[in-house]
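One structure is given below, encoded as structure tokens.
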Amino acid sequence: MTEAIRRATFEPVIEVWPGPIEVGVRVAALITDLVAATPHAAIGLPTGSTPGPTYAALRAVAASRAVDFSGLTVFLLDEYVGLAAENPQSYRSTIRREVTNDLGIAADRVFGPAGDASDPEEACQRYEEQIAAAGGIALQLLGIGRNGHIGFNEPGTAFDMRTHVTELSEDTREDNARFFVCLADVPTHALTQGPATILDAGRIVLIATGAAKASAVARAFVGAVSVDCPASVLRTHPDVRVVVDTAAAAALPDSVPRVVHGAEG
Ligand code: F6R
């Protein structure tokens with residue numbers, strides 16, 4: 001059922017860059033700006049393909065020693081049910097491998113919902129408490145699914161949900177099968193920050209690249225704010241920056257304001 005939302009909406013800042021590399025460099029700059037201003041901030045990070053160039057750019061900044069990331073605390077956006085943090089396919093392992101190890105962020109400062117908890121509901125509650133104890137998430141980075149999901153909040157998820165256990169849609173499992181030997185190995189459930197958890201972040205940066213995301217980006221930022229497109233809830237947050245490449249911006253109507261950057265920025 002469609003839950004059309006009537007509450008204050010804001011116009012996100014939409015930046016369009018030529019391709020995924022420029023998007024990654026730009027988003028890494030937004031994160032390094034935050035670290036320069038608040039070195040002990042908490043940031044929220046997603047996994048997936050889209051943030052790859054961002055994480056590569058952050059690793060390059062860390063290698064140059066231009067910025068000290070070691071004071072950050074990291075909160076994962078989501079985690080598969082059934083995978084312990086040490087499992088190489090867990091999102092906790094992935095984020096350590098792709099980002100936090102090279103940024104000098106200690107493993108005990110990388111938090112995620114416990115995928116292997118005997119009581120997943122309790123694990124969700126505990127995760128909310130860990131985020132609150134860190135003073136909240138200053139900047140939450142997000143990707144977007146082809147169906148408009150953010151985190152693993154699939155279409156239909158109520159916007160007031162906090163971290164919860166969710167069943168993955170078949171589309172999402174198929175999209176993520178590339179990280180596993182076969183589709184049957186992709187977990188059926190995940191623990192995810194809920195829309196209400198995500199909206200508590202001080203700033204949200206949504207990244208999308210490639211033509212496959214164009215329709216989801218347009219549905220998120222044009223038309224109704226509705227649970228049919230979970231990312232549309234971002235329009236109820238006052239500080240959202242959308243950083244996309246030309247291909248992902250292609251379905252946005254001309255009426256949607258955006259700042260278009262060339263390769264040189
Ligand atoms: C990942 C996550 C997902 C992805 C989304 C896009 O932690 O929560 O919402 O951000 O599925 O995935 P990619 O970037 O692989 O296209």
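If you're wondering about the labels, chains in the structure tokens are A, B, ... by order shown, residues count from 1 in each chain, ligands from 1 in order shown.
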(Q) Neighbouring residues of A:Gln130 were defined as those with any atom within 12 Å, considering only C-alpha atoms; residues of the same chain fewer than 2 positions away were excluded. Please report them as JSON, numbers by chain. (A) {"A": [42, 73, 74, 75, 76, 109, 110, 111, 112, 113, 114, 123, 124, 125, 126, 127, 128, 132, 133, 134, 135, 136, 137, 163]}
Q. What do you get as a count of residues only if you pick all residues at most 8 Å from ligand 1, counting only C-alpha atoms and all ligand atoms?
A. 28
**Q.** Residues flagged strand (DSSP E) by DSSP in stretch 114-256 of chain A, as JSON, numbers by chain
**A.** {"A": [139, 140, 141, 142, 164, 165, 166, 167, 189, 190, 191, 192, 203, 204, 205, 206, 207, 208, 240, 241, 242, 243, 244, 245]}
Q: Go through A:Ser70, A:Thr246, A:Ser169, A:Ser226 and flag the residue nearest A:Ala211, using only C-alpha atoms for the distances.
A: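 The closest residue to A:Ala211 is A:Thr246.
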Q: Check stretch 12-261 of chain A with DSSP on the backbone and list each residue it calls alpha helix (DSSP H), as a ChimeraX atom specification.
A: /A:20-37,52-64,91-95,120-133,170-176,195-199,214-221
Q: Record the distance separating atom CA of A:Arg235 and atom CA of A:Ala56, expressed in Å with one decimal.
A: 28.5 Å
(Q) So that I can check the surroundings of A:Thr9, please list as a list in words every protein, DNA and RNA residue that reaches within 8 Å of it, counting only C-alpha atoms and ignoring chain neighbours fewer than 5 positions away. (A)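 Skipping anything fewer than 5 positions along the chain leaves Arg235, Thr236, His237 and Pro238 of chain A.
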Q: Just the residues within 8 Å of A:Pro187, please, counting only C-alpha atoms, with nothing from its chain fewer than 3 positions along; format it as a PyMOL selection string.
A: chain A and resi 80-82+173+184+190
Go ahead and dump the residues you just picked, C-alpha atoms, as a tab-separated table (two decimals), in the first residue's frame.
chain	number	residue	atom	x	y	z
A	80	TYR	CA	23.60	-9.75	6.58
A	81	VAL	CA	21.83	-12.02	9.05
A	82	GLY	CA	23.83	-15.17	9.67
A	173	ARG	CA	19.54	-10.78	-3.63
A	184	ALA	CA	21.71	-19.59	-3.06
A	190	ALA	CA	19.63	-8.46	6.81
(Q) Please compute the atom CA of A:Ala249-atom CA of A:Val61 distance, one decimal, in Å. (A) 27.2 Å
(Q) What's around A:Ile14 at 8 Å? Count only C-alpha atoms, leave out sequence neighbours fewer than 3 positions away in its own chain, and write the answer as a ChimeraX atom specification. (A) /A:241-244,257-259
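Between atom CA of A:Gly262 and atom CA of A:Ala57 lies a distance of 18.1 Å.
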Q: Might you pull out every residue within 9 Å of A:Gly19, with only C-alpha atoms counted and same-chain residues fewer than 4 positions away left off, and present them as a list in words?
A: Val23, Gly24, Thr209, Gly210, Val244, Asp245, Thr246, Ala247 and Ala263 of chain A
